[in-house]
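Heads up, the thing below is written out as structure tokens.
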Amino acid sequence: MEARHSALCVEEAEVVVEELRAALVKAGITLPSLGLDPVSLAREAPCPLVELGRCSLETAQRLAAALR
């Protein structure tokens, strides 16, 4: 049961990352390192975290503007 729950969490996290990527693209923003955090996936029962990663100053400014 726990393995199934973990698999569903990972699948859901992958969907969320793709939804976020699509929303960012619509706003003209690319986060090159966007993805799932590999360390959070390495646990026996994965509980994925989204890795936003590093970005340029220009990208950070565009992201801040989009969130305002």
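Note on naming: chains are A, B, ... as they come in the structure tokens, residues start from 1 per chain, ligands start from 1 in the order shown.
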Practice task
Apply DSSP to the backbone of this structure and, from chain A, keep only the residues in strand (DSSP E); write these as a list in words.
Solution key: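 Checking each residue of chain A, the strand (DSSP E) ones are Gly35, Leu36, Val50 and Glu51 of chain A.
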Exercise for the section: Tell me, as an NGL selection string, which residues lie within 8 Å of segment 53-66 of chain A, counting only C-alpha atoms; anything in the same chain fewer than 2 positions away does not count. Expected result: :A and (27 or 29-34 or 51 or 68)
Problem - Residue contacts of Cys9 of chain A (9 Å, only C-alpha atoms) excluding same-chain residues fewer than 5 positions away, as number ranges by chain - result: A: 4, 14, 46-48
Going by DSSP on the backbone, which residues of chain A come out as helix (DSSP H, G or I)? List them as a PDB file with all heavy atoms, in the first residue's frame.
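Final output, states-v8.pdb:
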```pdb
ATOM      1  N   GLU A   2       1.923   1.268   0.840  1.00  0.00           N
ATOM      2  CA  GLU A   2       2.796   2.443   0.914  1.00  0.00           C
ATOM      3  C   GLU A   2       3.528   2.673  -0.403  1.00  0.00           C
ATOM      4  O   GLU A   2       3.687   3.812  -0.834  1.00  0.00           O
ATOM      5  CB  GLU A   2       3.805   2.280   2.053  1.00  0.00           C
ATOM      6  CG  GLU A   2       4.593   3.549   2.324  1.00  0.00           C
ATOM      7  CD  GLU A   2       5.439   3.444   3.571  1.00  0.00           C
ATOM      8  OE1 GLU A   2       4.939   2.977   4.601  1.00  0.00           O
ATOM      9  OE2 GLU A   2       6.601   3.844   3.488  1.00  0.00           O
ATOM     10  N   ALA A   3       3.943   1.587  -1.066  1.00  0.00           N
ATOM     11  CA  ALA A   3       4.625   1.720  -2.356  1.00  0.00           C
ATOM     12  C   ALA A   3       3.688   2.341  -3.387  1.00  0.00           C
ATOM     13  O   ALA A   3       4.104   3.182  -4.186  1.00  0.00           O
ATOM     14  CB  ALA A   3       5.134   0.364  -2.838  1.00  0.00           C
ATOM     15  N   ARG A   4       2.441   1.937  -3.367  1.00  0.00           N
ATOM     16  CA  ARG A   4       1.450   2.498  -4.300  1.00  0.00           C
ATOM     17  C   ARG A   4       1.241   3.984  -4.024  1.00  0.00           C
ATOM     18  O   ARG A   4       1.182   4.802  -4.931  1.00  0.00           O
ATOM     19  CB  ARG A   4       0.121   1.731  -4.166  1.00  0.00           C
ATOM     20  CG  ARG A   4      -1.010   2.322  -4.973  1.00  0.00           C
ATOM     21  CD  ARG A   4      -1.232   1.539  -6.249  1.00  0.00           C
ATOM     22  NE  ARG A   4      -2.432   2.019  -6.912  1.00  0.00           N
ATOM     23  CZ  ARG A   4      -2.389   2.733  -8.034  1.00  0.00           C
ATOM     24  NH1 ARG A   4      -1.243   3.002  -8.592  1.00  0.00           N
ATOM     25  NH2 ARG A   4      -3.491   3.145  -8.604  1.00  0.00           N
ATOM     26  N   HIS A   5       1.141   4.333  -2.735  1.00  0.00           N
ATOM     27  CA  HIS A   5       0.983   5.737  -2.353  1.00  0.00           C
ATOM     28  C   HIS A   5       2.190   6.548  -2.829  1.00  0.00           C
ATOM     29  O   HIS A   5       2.026   7.635  -3.379  1.00  0.00           O
ATOM     30  CB  HIS A   5       0.824   5.863  -0.836  1.00  0.00           C
ATOM     31  CG  HIS A   5       0.795   7.280  -0.364  1.00  0.00           C
ATOM     32  ND1 HIS A   5      -0.283   8.109  -0.564  1.00  0.00           N
ATOM     33  CD2 HIS A   5       1.733   8.016   0.285  1.00  0.00           C
ATOM     34  CE1 HIS A   5      -0.013   9.300  -0.069  1.00  0.00           C
ATOM     35  NE2 HIS A   5       1.199   9.265   0.456  1.00  0.00           N
ATOM     36  N   SER A   6       3.389   6.008  -2.636  1.00  0.00           N
ATOM     37  CA  SER A   6       4.602   6.708  -3.063  1.00  0.00           C
ATOM     38  C   SER A   6       4.619   6.908  -4.568  1.00  0.00           C
ATOM     39  O   SER A   6       4.980   7.971  -5.059  1.00  0.00           O
ATOM     40  CB  SER A   6       5.849   5.934  -2.628  1.00  0.00           C
ATOM     41  OG  SER A   6       5.945   5.929  -1.226  1.00  0.00           O
ATOM     42  N   ALA A   7       4.216   5.870  -5.307  1.00  0.00           N
ATOM     43  CA  ALA A   7       4.182   5.978  -6.768  1.00  0.00           C
ATOM     44  C   ALA A   7       3.188   7.054  -7.198  1.00  0.00           C
ATOM     45  O   ALA A   7       3.471   7.832  -8.120  1.00  0.00           O
ATOM     46  CB  ALA A   7       3.815   4.633  -7.384  1.00  0.00           C
ATOM     47  N   LEU A   8       2.042   7.109  -6.537  1.00  0.00           N
ATOM     48  CA  LEU A   8       1.057   8.143  -6.869  1.00  0.00           C
ATOM     49  C   LEU A   8       1.590   9.535  -6.545  1.00  0.00           C
ATOM     50  O   LEU A   8       1.349  10.486  -7.297  1.00  0.00           O
ATOM     51  CB  LEU A   8      -0.254   7.889  -6.130  1.00  0.00           C
ATOM     52  CG  LEU A   8      -1.066   6.688  -6.606  1.00  0.00           C
ATOM     53  CD1 LEU A   8      -2.265   6.457  -5.695  1.00  0.00           C
ATOM     54  CD2 LEU A   8      -1.503   6.859  -8.049  1.00  0.00           C
ATOM     55  N   CYS A   9       2.316   9.668  -5.441  1.00  0.00           N
ATOM     56  CA  CYS A   9       2.904  10.964  -5.082  1.00  0.00           C
ATOM     57  C   CYS A   9       3.894  11.419  -6.149  1.00  0.00           C
ATOM     58  O   CYS A   9       3.909  12.587  -6.524  1.00  0.00           O
ATOM     59  CB  CYS A   9       3.609  10.875  -3.730  1.00  0.00           C
ATOM     60  SG  CYS A   9       2.485  10.794  -2.328  1.00  0.00           S
ATOM     61  N   VAL A  10       4.715  10.491  -6.623  1.00  0.00           N
ATOM     62  CA  VAL A  10       5.702  10.834  -7.654  1.00  0.00           C
ATOM     63  C   VAL A  10       4.988  11.218  -8.949  1.00  0.00           C
ATOM     64  O   VAL A  10       5.334  12.214  -9.586  1.00  0.00           O
ATOM     65  CB  VAL A  10       6.697   9.671  -7.877  1.00  0.00           C
ATOM     66  CG1 VAL A  10       7.596   9.951  -9.070  1.00  0.00           C
ATOM     67  CG2 VAL A  10       7.526   9.437  -6.616  1.00  0.00           C
ATOM     68  N   GLU A  11       3.982  10.445  -9.335  1.00  0.00           N
ATOM     69  CA  GLU A  11       3.228  10.767 -10.560  1.00  0.00           C
ATOM     70  C   GLU A  11       2.579  12.147 -10.442  1.00  0.00           C
ATOM     71  O   GLU A  11       2.627  12.937 -11.394  1.00  0.00           O
ATOM     72  CB  GLU A  11       2.155   9.710 -10.822  1.00  0.00           C
ATOM     73  CG  GLU A  11       2.708   8.383 -11.265  1.00  0.00           C
ATOM     74  CD  GLU A  11       1.642   7.309 -11.367  1.00  0.00           C
ATOM     75  OE1 GLU A  11       0.436   7.646 -11.433  1.00  0.00           O
ATOM     76  OE2 GLU A  11       2.012   6.132 -11.372  1.00  0.00           O
ATOM     77  N   GLU A  12       1.968  12.418  -9.301  1.00  0.00           N
ATOM     78  CA  GLU A  12       1.322  13.712  -9.094  1.00  0.00           C
ATOM     79  C   GLU A  12       2.348  14.840  -9.154  1.00  0.00           C
ATOM     80  O   GLU A  12       2.107  15.887  -9.759  1.00  0.00           O
ATOM     81  CB  GLU A  12       0.607  13.738  -7.749  1.00  0.00           C
ATOM     82  CG  GLU A  12      -0.105  15.046  -7.482  1.00  0.00           C
ATOM     83  CD  GLU A  12      -0.821  15.075  -6.135  1.00  0.00           C
ATOM     84  OE1 GLU A  12      -0.545  14.216  -5.276  1.00  0.00           O
ATOM     85  OE2 GLU A  12      -1.655  15.970  -5.960  1.00  0.00           O
ATOM     86  N   ALA A  13       3.499  14.622  -8.557  1.00  0.00           N
ATOM     87  CA  ALA A  13       4.553  15.636  -8.564  1.00  0.00           C
ATOM     88  C   ALA A  13       5.035  15.905  -9.994  1.00  0.00           C
ATOM     89  O   ALA A  13       5.280  17.055 -10.366  1.00  0.00           O
ATOM     90  CB  ALA A  13       5.719  15.193  -7.684  1.00  0.00           C
ATOM     91  N   GLU A  14       5.156  14.864 -10.799  1.00  0.00           N
ATOM     92  CA  GLU A  14       5.570  15.043 -12.193  1.00  0.00           C
ATOM     93  C   GLU A  14       4.543  15.872 -12.961  1.00  0.00           C
ATOM     94  O   GLU A  14       4.901  16.735 -13.764  1.00  0.00           O
ATOM     95  CB  GLU A  14       5.783  13.688 -12.859  1.00  0.00           C
ATOM     96  CG  GLU A  14       7.011  12.959 -12.342  1.00  0.00           C
ATOM     97  CD  GLU A  14       7.124  11.529 -12.836  1.00  0.00           C
ATOM     98  OE1 GLU A  14       6.087  10.930 -13.232  1.00  0.00           O
ATOM     99  OE2 GLU A  14       8.245  10.987 -12.794  1.00  0.00           O
ATOM    100  N   VAL A  15       3.275  15.631 -12.716  1.00  0.00           N
ATOM    101  CA  VAL A  15       2.204  16.392 -13.375  1.00  0.00           C
ATOM    102  C   VAL A  15       2.268  17.857 -12.943  1.00  0.00           C
ATOM    103  O   VAL A  15       2.168  18.771 -13.772  1.00  0.00           O
ATOM    104  CB  VAL A  15       0.819  15.783 -13.063  1.00  0.00           C
ATOM    105  CG1 VAL A  15      -0.307  16.713 -13.487  1.00  0.00           C
ATOM    106  CG2 VAL A  15       0.674  14.425 -13.732  1.00  0.00           C
ATOM    107  N   VAL A  16       2.460  18.083 -11.655  1.00  0.00           N
ATOM    108  CA  VAL A  16       2.532  19.454 -11.139  1.00  0.00           C
ATOM    109  C   VAL A  16       3.715  20.197 -11.746  1.00  0.00           C
ATOM    110  O   VAL A  16       3.595  21.365 -12.117  1.00  0.00           O
ATOM    111  CB  VAL A  16       2.596  19.457  -9.595  1.00  0.00           C
ATOM    112  CG1 VAL A  16       2.943  20.832  -9.061  1.00  0.00           C
ATOM    113  CG2 VAL A  16       1.285  18.971  -9.019  1.00  0.00           C
ATOM    114  N   VAL A  17       4.856  19.526 -11.874  1.00  0.00           N
ATOM    115  CA  VAL A  17       6.030  20.164 -12.474  1.00  0.00           C
ATOM    116  C   VAL A  17       5.721  20.572 -13.913  1.00  0.00           C
ATOM    117  O   VAL A  17       6.064  21.680 -14.343  1.00  0.00           O
ATOM    118  CB  VAL A  17       7.268  19.240 -12.406  1.00  0.00           C
ATOM    119  CG1 VAL A  17       8.377  19.732 -13.324  1.00  0.00           C
ATOM    120  CG2 VAL A  17       7.772  19.150 -10.973  1.00  0.00           C
ATOM    121  N   GLU A  18       5.058  19.705 -14.664  1.00  0.00           N
ATOM    122  CA  GLU A  18       4.729  20.037 -16.053  1.00  0.00           C
ATOM    123  C   GLU A  18       3.703  21.168 -16.125  1.00  0.00           C
ATOM    124  O   GLU A  18       3.797  22.029 -17.003  1.00  0.00           O
ATOM    125  CB  GLU A  18       4.250  18.797 -16.812  1.00  0.00           C
ATOM    126  CG  GLU A  18       5.367  17.806 -17.081  1.00  0.00           C
ATOM    127  CD  GLU A  18       6.610  18.452 -17.697  1.00  0.00           C
ATOM    128  OE1 GLU A  18       6.493  19.220 -18.673  1.00  0.00           O
ATOM    129  OE2 GLU A  18       7.716  18.185 -17.184  1.00  0.00           O
ATOM    130  N   GLU A  19       2.754  21.191 -15.198  1.00  0.00           N
ATOM    131  CA  GLU A  19       1.784  22.292 -15.161  1.00  0.00           C
ATOM    132  C   GLU A  19       2.486  23.612 -14.845  1.00  0.00           C
ATOM    133  O   GLU A  19       2.193  24.646 -15.455  1.00  0.00           O
ATOM    134  CB  GLU A  19       0.703  22.015 -14.116  1.00  0.00           C
ATOM    135  CG  GLU A  19      -0.256  20.917 -14.515  1.00  0.00           C
ATOM    136  CD  GLU A  19      -1.236  20.544 -13.406  1.00  0.00           C
ATOM    137  OE1 GLU A  19      -1.085  21.020 -12.258  1.00  0.00           O
ATOM    138  OE2 GLU A  19      -2.155  19.766 -13.701  1.00  0.00           O
ATOM    139  N   LEU A  20       3.406  23.573 -13.897  1.00  0.00           N
ATOM    140  CA  LEU A  20       4.167  24.773 -13.549  1.00  0.00           C
ATOM    141  C   LEU A  20       5.025  25.224 -14.717  1.00  0.00           C
ATOM    142  O   LEU A  20       5.075  26.407 -15.044  1.00  0.00           O
ATOM    143  CB  LEU A  20       5.032  24.510 -12.313  1.00  0.00           C
ATOM    144  CG  LEU A  20       5.934  25.652 -11.851  1.00  0.00           C
ATOM    145  CD1 LEU A  20       5.124  26.920 -11.571  1.00  0.00           C
ATOM    146  CD2 LEU A  20       6.719  25.233 -10.617  1.00  0.00           C
ATOM    147  N   ARG A  21       5.685  24.277 -15.377  1.00  0.00           N
ATOM    148  CA  ARG A  21       6.520  24.613 -16.545  1.00  0.00           C
ATOM    149  C   ARG A  21       5.677  25.290 -17.623  1.00  0.00           C
ATOM    150  O   ARG A  21       6.064  26.310 -18.196  1.00  0.00           O
ATOM    151  CB  ARG A  21       7.193  23.355 -17.093  1.00  0.00           C
ATOM    152  CG  ARG A  21       8.206  23.627 -18.200  1.00  0.00           C
ATOM    153  CD  ARG A  21       8.828  22.364 -18.782  1.00  0.00           C
ATOM    154  NE  ARG A  21       9.116  21.311 -17.848  1.00  0.00           N
ATOM    155  CZ  ARG A  21      10.189  21.216 -17.077  1.00  0.00           C
ATOM    156  NH1 ARG A  21      11.100  22.157 -17.134  1.00  0.00           N
ATOM    157  NH2 ARG A  21      10.369  20.202 -16.259  1.00  0.00           N
ATOM    158  N   ALA A  22       4.490  24.749 -17.893  1.00  0.00           N
ATOM    159  CA  ALA A  22       3.602  25.326 -18.913  1.00  0.00           C
ATOM    160  C   ALA A  22       3.144  26.727 -18.525  1.00  0.00           C
ATOM    161  O   ALA A  22       3.113  27.632 -19.363  1.00  0.00           O
ATOM    162  CB  ALA A  22       2.401  24.416 -19.143  1.00  0.00           C
ATOM    163  N   ALA A  23       2.811  26.920 -17.255  1.00  0.00           N
ATOM    164  CA  ALA A  23       2.377  28.245 -16.795  1.00  0.00           C
ATOM    165  C   ALA A  23       3.519  29.255 -16.901  1.00  0.00           C
ATOM    166  O   ALA A  23       3.304  30.409 -17.288  1.00  0.00           O
ATOM    167  CB  ALA A  23       1.871  28.163 -15.356  1.00  0.00           C
ATOM    168  N   LEU A  24       4.717  28.816 -16.574  1.00  0.00           N
ATOM    169  CA  LEU A  24       5.871  29.710 -16.674  1.00  0.00           C
ATOM    170  C   LEU A  24       6.153  30.073 -18.128  1.00  0.00           C
ATOM    171  O   LEU A  24       6.466  31.226 -18.433  1.00  0.00           O
ATOM    172  CB  LEU A  24       7.107  29.062 -16.034  1.00  0.00           C
ATOM    173  CG  LEU A  24       7.083  28.972 -14.510  1.00  0.00           C
ATOM    174  CD1 LEU A  24       8.196  28.056 -14.007  1.00  0.00           C
ATOM    175  CD2 LEU A  24       7.203  30.348 -13.877  1.00  0.00           C
ATOM    176  N   VAL A  25       6.031  29.109 -19.022  1.00  0.00           N
ATOM    177  CA  VAL A  25       6.246  29.377 -20.450  1.00  0.00           C
ATOM    178  C   VAL A  25       5.253  30.421 -20.937  1.00  0.00           C
ATOM    179  O   VAL A  25       5.617  31.346 -21.670  1.00  0.00           O
ATOM    180  CB  VAL A  25       6.158  28.072 -21.275  1.00  0.00           C
ATOM    181  CG1 VAL A  25       6.022  28.364 -22.762  1.00  0.00           C
ATOM    182  CG2 VAL A  25       7.376  27.211 -21.022  1.00  0.00           C
ATOM    183  N   LYS A  26       3.993  30.303 -20.519  1.00  0.00           N
ATOM    184  CA  LYS A  26       2.978  31.296 -20.902  1.00  0.00           C
ATOM    185  C   LYS A  26       3.363  32.694 -20.422  1.00  0.00           C
ATOM    186  O   LYS A  26       3.030  33.682 -21.056  1.00  0.00           O
ATOM    187  CB  LYS A  26       1.617  30.927 -20.328  1.00  0.00           C
ATOM    188  CG  LYS A  26       0.858  29.931 -21.131  1.00  0.00           C
ATOM    189  CD  LYS A  26      -0.532  29.780 -20.570  1.00  0.00           C
ATOM    190  CE  LYS A  26      -1.428  29.117 -21.582  1.00  0.00           C
ATOM    191  NZ  LYS A  26      -2.805  29.022 -21.109  1.00  0.00           N
ATOM    192  N   PRO A  38      16.027  15.049  -6.785  1.00  0.00           N
ATOM    193  CA  PRO A  38      16.411  13.635  -6.748  1.00  0.00           C
ATOM    194  C   PRO A  38      16.623  13.091  -5.332  1.00  0.00           C
ATOM    195  O   PRO A  38      16.361  11.919  -5.081  1.00  0.00           O
ATOM    196  CB  PRO A  38      17.707  13.586  -7.560  1.00  0.00           C
ATOM    197  CG  PRO A  38      18.182  14.976  -7.676  1.00  0.00           C
ATOM    198  CD  PRO A  38      16.993  15.879  -7.478  1.00  0.00           C
ATOM    199  N   VAL A  39      17.051  13.927  -4.412  1.00  0.00           N
ATOM    200  CA  VAL A  39      17.268  13.459  -3.037  1.00  0.00           C
ATOM    201  C   VAL A  39      15.944  13.041  -2.403  1.00  0.00           C
ATOM    202  O   VAL A  39      15.856  12.022  -1.715  1.00  0.00           O
ATOM    203  CB  VAL A  39      17.987  14.531  -2.194  1.00  0.00           C
ATOM    204  CG1 VAL A  39      18.093  14.110  -0.747  1.00  0.00           C
ATOM    205  CG2 VAL A  39      19.366  14.826  -2.765  1.00  0.00           C
ATOM    206  N   SER A  40      14.894  13.818  -2.652  1.00  0.00           N
ATOM    207  CA  SER A  40      13.593  13.483  -2.071  1.00  0.00           C
ATOM    208  C   SER A  40      13.001  12.221  -2.701  1.00  0.00           C
ATOM    209  O   SER A  40      12.141  11.578  -2.109  1.00  0.00           O
ATOM    210  CB  SER A  40      12.621  14.653  -2.198  1.00  0.00           C
ATOM    211  OG  SER A  40      12.305  14.909  -3.558  1.00  0.00           O
ATOM    212  N   LEU A  41      13.476  11.854  -3.871  1.00  0.00           N
ATOM    213  CA  LEU A  41      13.002  10.638  -4.535  1.00  0.00           C
ATOM    214  C   LEU A  41      13.771   9.399  -4.092  1.00  0.00           C
ATOM    215  O   LEU A  41      13.351   8.275  -4.338  1.00  0.00           O
ATOM    216  CB  LEU A  41      13.114  10.777  -6.055  1.00  0.00           C
ATOM    217  CG  LEU A  41      12.228  11.837  -6.691  1.00  0.00           C
ATOM    218  CD1 LEU A  41      12.580  12.009  -8.161  1.00  0.00           C
ATOM    219  CD2 LEU A  41      10.769  11.492  -6.516  1.00  0.00           C
ATOM    220  N   LEU A  57      19.434  36.580 -13.129  1.00  0.00           N
ATOM    221  CA  LEU A  57      18.808  37.742 -12.498  1.00  0.00           C
ATOM    222  C   LEU A  57      17.595  38.184 -13.307  1.00  0.00           C
ATOM    223  O   LEU A  57      16.534  38.478 -12.749  1.00  0.00           O
ATOM    224  CB  LEU A  57      19.818  38.884 -12.371  1.00  0.00           C
ATOM    225  CG  LEU A  57      19.311  40.186 -11.775  1.00  0.00           C
ATOM    226  CD1 LEU A  57      18.763  39.960 -10.369  1.00  0.00           C
ATOM    227  CD2 LEU A  57      20.410  41.223 -11.746  1.00  0.00           C
ATOM    228  N   GLU A  58      17.716  38.192 -14.620  1.00  0.00           N
ATOM    229  CA  GLU A  58      16.595  38.588 -15.480  1.00  0.00           C
ATOM    230  C   GLU A  58      15.402  37.655 -15.271  1.00  0.00           C
ATOM    231  O   GLU A  58      14.258  38.104 -15.156  1.00  0.00           O
ATOM    232  CB  GLU A  58      17.006  38.564 -16.953  1.00  0.00           C
ATOM    233  CG  GLU A  58      15.874  38.923 -17.886  1.00  0.00           C
ATOM    234  CD  GLU A  58      16.239  38.780 -19.355  1.00  0.00           C
ATOM    235  OE1 GLU A  58      17.417  38.542 -19.681  1.00  0.00           O
ATOM    236  OE2 GLU A  58      15.318  38.911 -20.169  1.00  0.00           O
ATOM    237  N   THR A  59      15.652  36.367 -15.196  1.00  0.00           N
ATOM    238  CA  THR A  59      14.565  35.419 -14.980  1.00  0.00           C
ATOM    239  C   THR A  59      13.926  35.631 -13.615  1.00  0.00           C
ATOM    240  O   THR A  59      12.703  35.597 -13.481  1.00  0.00           O
ATOM    241  CB  THR A  59      15.074  33.971 -15.116  1.00  0.00           C
ATOM    242  OG1 THR A  59      15.579  33.791 -16.440  1.00  0.00           O
ATOM    243  CG2 THR A  59      13.979  32.963 -14.876  1.00  0.00           C
ATOM    244  N   ALA A  60      14.729  35.884 -12.595  1.00  0.00           N
ATOM    245  CA  ALA A  60      14.200  36.140 -11.250  1.00  0.00           C
ATOM    246  C   ALA A  60      13.328  37.395 -11.253  1.00  0.00           C
ATOM    247  O   ALA A  60      12.261  37.424 -10.621  1.00  0.00           O
ATOM    248  CB  ALA A  60      15.343  36.287 -10.253  1.00  0.00           C
ATOM    249  N   GLN A  61      13.741  38.428 -11.979  1.00  0.00           N
ATOM    250  CA  GLN A  61      12.954  39.649 -12.070  1.00  0.00           C
ATOM    251  C   GLN A  61      11.629  39.386 -12.786  1.00  0.00           C
ATOM    252  O   GLN A  61      10.579  39.878 -12.366  1.00  0.00           O
ATOM    253  CB  GLN A  61      13.745  40.738 -12.795  1.00  0.00           C
ATOM    254  CG  GLN A  61      14.905  41.263 -11.969  1.00  0.00           C
ATOM    255  CD  GLN A  61      15.829  42.151 -12.782  1.00  0.00           C
ATOM    256  OE1 GLN A  61      16.017  41.957 -13.980  1.00  0.00           O
ATOM    257  NE2 GLN A  61      16.425  43.131 -12.109  1.00  0.00           N
ATOM    258  N   ARG A  62      11.667  38.613 -13.858  1.00  0.00           N
ATOM    259  CA  ARG A  62      10.438  38.292 -14.596  1.00  0.00           C
ATOM    260  C   ARG A  62       9.500  37.453 -13.742  1.00  0.00           C
ATOM    261  O   ARG A  62       8.281  37.641 -13.767  1.00  0.00           O
ATOM    262  CB  ARG A  62      10.789  37.560 -15.896  1.00  0.00           C
ATOM    263  CG  ARG A  62      11.533  38.464 -16.871  1.00  0.00           C
ATOM    264  CD  ARG A  62      11.909  37.726 -18.083  1.00  0.00           C
ATOM    265  NE  ARG A  62      10.709  37.729 -18.941  1.00  0.00           N
ATOM    266  CZ  ARG A  62      10.703  37.256 -20.173  1.00  0.00           C
ATOM    267  NH1 ARG A  62      11.789  36.721 -20.680  1.00  0.00           N
ATOM    268  NH2 ARG A  62       9.618  37.308 -20.892  1.00  0.00           N
ATOM    269  N   LEU A  63      10.051  36.545 -12.960  1.00  0.00           N
ATOM    270  CA  LEU A  63       9.246  35.719 -12.075  1.00  0.00           C
ATOM    271  C   LEU A  63       8.588  36.571 -11.007  1.00  0.00           C
ATOM    272  O   LEU A  63       7.388  36.444 -10.723  1.00  0.00           O
ATOM    273  CB  LEU A  63      10.106  34.625 -11.450  1.00  0.00           C
ATOM    274  CG  LEU A  63       9.417  33.608 -10.563  1.00  0.00           C
ATOM    275  CD1 LEU A  63       8.277  32.911 -11.297  1.00  0.00           C
ATOM    276  CD2 LEU A  63      10.423  32.571 -10.073  1.00  0.00           C
ATOM    277  N   ALA A  64       9.352  37.471 -10.416  1.00  0.00           N
ATOM    278  CA  ALA A  64       8.810  38.372  -9.393  1.00  0.00           C
ATOM    279  C   ALA A  64       7.690  39.238  -9.979  1.00  0.00           C
ATOM    280  O   ALA A  64       6.639  39.425  -9.355  1.00  0.00           O
ATOM    281  CB  ALA A  64       9.906  39.251  -8.803  1.00  0.00           C
ATOM    282  N   ALA A  65       7.904  39.757 -11.175  1.00  0.00           N
ATOM    283  CA  ALA A  65       6.884  40.591 -11.825  1.00  0.00           C
ATOM    284  C   ALA A  65       5.614  39.792 -12.102  1.00  0.00           C
ATOM    285  O   ALA A  65       4.503  40.272 -11.924  1.00  0.00           O
ATOM    286  CB  ALA A  65       7.435  41.191 -13.114  1.00  0.00           C
ATOM    287  N   ALA A  66       5.783  38.541 -12.530  1.00  0.00           N
ATOM    288  CA  ALA A  66       4.618  37.713 -12.824  1.00  0.00           C
ATOM    289  C   ALA A  66       3.820  37.387 -11.567  1.00  0.00           C
ATOM    290  O   ALA A  66       2.601  37.234 -11.629  1.00  0.00           O
ATOM    291  CB  ALA A  66       5.075  36.410 -13.510  1.00  0.00           C
ATOM    292  N   LEU A  67       4.491  37.296 -10.445  1.00  0.00           N
ATOM    293  CA  LEU A  67       3.809  36.972  -9.184  1.00  0.00           C
ATOM    294  C   LEU A  67       3.151  38.192  -8.539  1.00  0.00           C
ATOM    295  O   LEU A  67       2.299  38.039  -7.674  1.00  0.00           O
ATOM    296  CB  LEU A  67       4.803  36.347  -8.204  1.00  0.00           C
ATOM    297  CG  LEU A  67       5.298  34.957  -8.607  1.00  0.00           C
ATOM    298  CD1 LEU A  67       6.418  34.507  -7.681  1.00  0.00           C
ATOM    299  CD2 LEU A  67       4.160  33.965  -8.622  1.00  0.00           C
TER     300      LEU A  67
END
```
